[in-house]
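Engineer: Could you have a look at this structure, given as structure tokens, before my questions?
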Amino acid sequence: MSAIEQLKLTDPDLAEHLRKSMAEVEARLHVAAAESPDPLVSQTAGYLLGAGGKRWRPLLVLLGAQFGDPERDSVLDAAAVVELVHAASLYHDDVMDEAPLRHGVPSAHTRWNNKIAILAGDHLVARAATLSLGLDEQARRAQAEAFERLVMGQIREVAGPRPGQEPVAHHLEVVRDKSASLIALSVRLGGICAGADAGTVAALGEYGEALGVAFQLSDDLIDIVSGADRAGKAAGTDLRAGVLTLPALLALREGGRLGELLAAGPLQDAELHAEALELLRSSAGLAAAGSEAARYAAEARSAAGRLRDCPAKQVLEALCELVSSRAA
């Protein structure tokens, strides 16, 4: 289900505008990915874009643009830019995580190899940079800063907590940079390219930052509480890989049997994995992580409250409720 379908838009004019604009963004993405004299580059760069995805980030650009002039052509280019950067990050993430699937198809490094997948991601970054040349300086600067944060978040995740840094604080830092930065850029970039005033652009950025953290934390919760029918993958994937997300990090403080299992690393043994998952589902850490996700969603709603009243504002507020309910 696409992002637009999940939103269940009630304003017909906004719905029509977003559908039309998203179709034009898709056309730009196709051109950006396929525009290469080398067939292999075109095939690999367009692979994950062609596999689908909900397209939340370009949709957020379009929603942010509703607080200025949404008809500016640069808005569509900005929407394509953020999706190209997001797709590039997926190529790189799948190599680092050794993920076998992405969007229901074999990941690029599985279909080809690690080197090809990494270079395909690099190519998409280059295409995004080329497309962003048509944006103004403020928009280009915002994109560059967000991309730097995205990379730094990945580095911090790989390096682990700094000496003396608390693991929960480190995890939230990674989430803000690796996940929330691109969400914040998307909605903020829409406002910038549409010529929204500085106060509106600031509110959009704060909204996107908080929403991005809430969205990632809800994903962490879904991995624990939901089965494959809701999450699209088997429950406890992070535990199996030895990845300690916020619920696990908070539960680790409780010690006991769950603490022993979580501290042991990747839980490949089926019985140990099932035991850890059952204990985690009833832990105080899971409840605390849920409260933290709700807190960030409330921060996003508060930032949205500073925007002028219009159908797009109602959609942004509804998104906060959608994120809060994902793992409920």
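The way I read the labels, and the way they are meant: chains A, B, ... in the order of the structure tokens, residue 1 as the first residue of every chain, and ligand 1 as the first ligand shown, with later ones counted on from there.
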Which residues, written as a PyMOL selection string, have at least one atom at most 12 Å from Gln314 (chain A), with only C-alpha atoms counted and residues fewer than 5 positions away on the same chain left out?

Structural biologist: chain A and resi 7-11+14+63-64+66+301+304-305+307-309+319-321

Engineer: Mind checking which residues fall within 10 Å of Val323 (chain A), counting only C-alpha atoms, ignoring those fewer than 2 positions away in the same chain, and posting them as a ChimeraX atom specification?

Structural biologist: /A:211-212,214-219,293-294,296-297,318-321,325-328

Engineer: The selected residues should be written to file as a short mmCIF file (atom, residue, chain, number, x, y, z; two decimals), in the first residue's frame (atoms: N, CA, C and O atoms).

Structural biologist:
data_model
loop_
_atom_site.label_atom_id
_atom_site.label_comp_id
_atom_site.auth_asym_id
_atom_site.auth_seq_id
_atom_site.Cartn_x
_atom_site.Cartn_y
_atom_site.Cartn_z
N LEU A 211 8.81 13.35 14.03
CA LEU A 211 8.06 12.27 13.38
C LEU A 211 8.99 11.15 12.94
O LEU A 211 8.67 9.97 13.07
N GLY A 212 10.17 11.52 12.43
CA GLY A 212 11.13 10.52 11.98
C GLY A 212 11.60 9.61 13.10
O GLY A 212 11.74 8.40 12.92
N ALA A 214 9.91 9.04 15.93
CA ALA A 214 8.74 8.24 16.32
C ALA A 214 8.51 7.10 15.36
O ALA A 214 8.19 5.97 15.77
N PHE A 215 8.68 7.37 14.07
CA PHE A 215 8.46 6.33 13.06
C PHE A 215 9.46 5.18 13.23
O PHE A 215 9.08 4.01 13.17
N GLN A 216 10.74 5.52 13.44
CA GLN A 216 11.74 4.46 13.60
C GLN A 216 11.53 3.67 14.88
O GLN A 216 11.67 2.44 14.90
N LEU A 217 11.19 4.36 15.96
CA LEU A 217 10.93 3.65 17.22
C LEU A 217 9.73 2.73 17.10
O LEU A 217 9.71 1.63 17.66
N SER A 218 8.73 3.17 16.35
CA SER A 218 7.57 2.29 16.15
C SER A 218 7.95 1.07 15.32
O SER A 218 7.42 -0.02 15.54
N ASP A 219 8.87 1.24 14.39
CA ASP A 219 9.39 0.09 13.64
C ASP A 219 10.07 -0.91 14.57
O ASP A 219 9.92 -2.13 14.42
N ALA A 293 8.16 6.47 21.98
CA ALA A 293 7.66 6.68 20.62
C ALA A 293 6.47 7.62 20.63
O ALA A 293 6.35 8.53 19.79
N ALA A 294 5.58 7.44 21.60
CA ALA A 294 4.40 8.31 21.71
C ALA A 294 4.81 9.74 22.05
O ALA A 294 4.19 10.70 21.58
N TYR A 296 7.59 11.30 21.14
CA TYR A 296 8.09 11.95 19.92
C TYR A 296 6.95 12.27 18.96
O TYR A 296 6.96 13.31 18.30
N ALA A 297 5.96 11.39 18.88
CA ALA A 297 4.80 11.67 18.03
C ALA A 297 4.06 12.90 18.53
O ALA A 297 3.58 13.72 17.74
N ALA A 318 -2.59 13.93 11.27
CA ALA A 318 -3.06 12.55 11.18
C ALA A 318 -1.91 11.56 11.10
O ALA A 318 -2.00 10.43 11.61
N LEU A 319 -0.81 11.99 10.49
CA LEU A 319 0.37 11.13 10.41
C LEU A 319 0.93 10.82 11.79
O LEU A 319 1.42 9.72 12.04
N CYS A 320 0.84 11.79 12.69
CA CYS A 320 1.29 11.56 14.05
C CYS A 320 0.48 10.45 14.70
O CYS A 320 1.02 9.60 15.41
N GLU A 321 -0.83 10.48 14.48
CA GLU A 321 -1.69 9.43 15.04
C GLU A 321 -1.41 8.08 14.38
O GLU A 321 -1.42 7.04 15.05
N SER A 325 -0.11 4.65 16.34
CA SER A 325 -0.95 3.45 16.35
C SER A 325 -0.30 2.25 15.67
O SER A 325 -0.83 1.15 15.76
N ARG A 326 0.84 2.45 15.02
CA ARG A 326 1.43 1.35 14.21
C ARG A 326 1.73 0.11 15.03
O ARG A 326 1.52 -1.00 14.61
N ALA A 327 2.30 0.32 16.21
CA ALA A 327 2.70 -0.84 17.04
C ALA A 327 1.80 -1.01 18.24
O ALA A 327 2.12 -1.78 19.15
N ALA A 328 0.69 -0.32 18.26
CA ALA A 328 -0.21 -0.42 19.41
C ALA A 328 -0.92 -1.77 19.45
O ALA A 328 -1.14 -2.38 18.43
#

Engineer: Can you pull out every residue within 9 Å of region 191-198 of chain A, counting only C-alpha atoms, but drop anything in the same chain fewer than 5 positions away, and send it as an MDAnalysis selection string?

Structural biologist: chainID A and resid 61:75 78 135:136 138:139 186 203:204

Engineer: If I take CA of Ala210 (chain A) and CA of Glu299 (chain A), how far is one from the other in Å, to one decimal?

Structural biologist: 6.0 Å

Engineer: Please, what distance in Å, to one decimal, runs between CA of Leu185 (chain A) and CA of Ser132 (chain A)?

Structural biologist: 13.3 Å

Engineer: Got a sec to tell me which of region 58-260 of chain A DSSP assigns to alpha helix (DSSP H), as a ChimeraX atom specification?

Structural biologist: /A:58-65,73-97,108-111,114-131,137-159,167-174,181-193,198-225,228-231,237-241,246-252,256-260
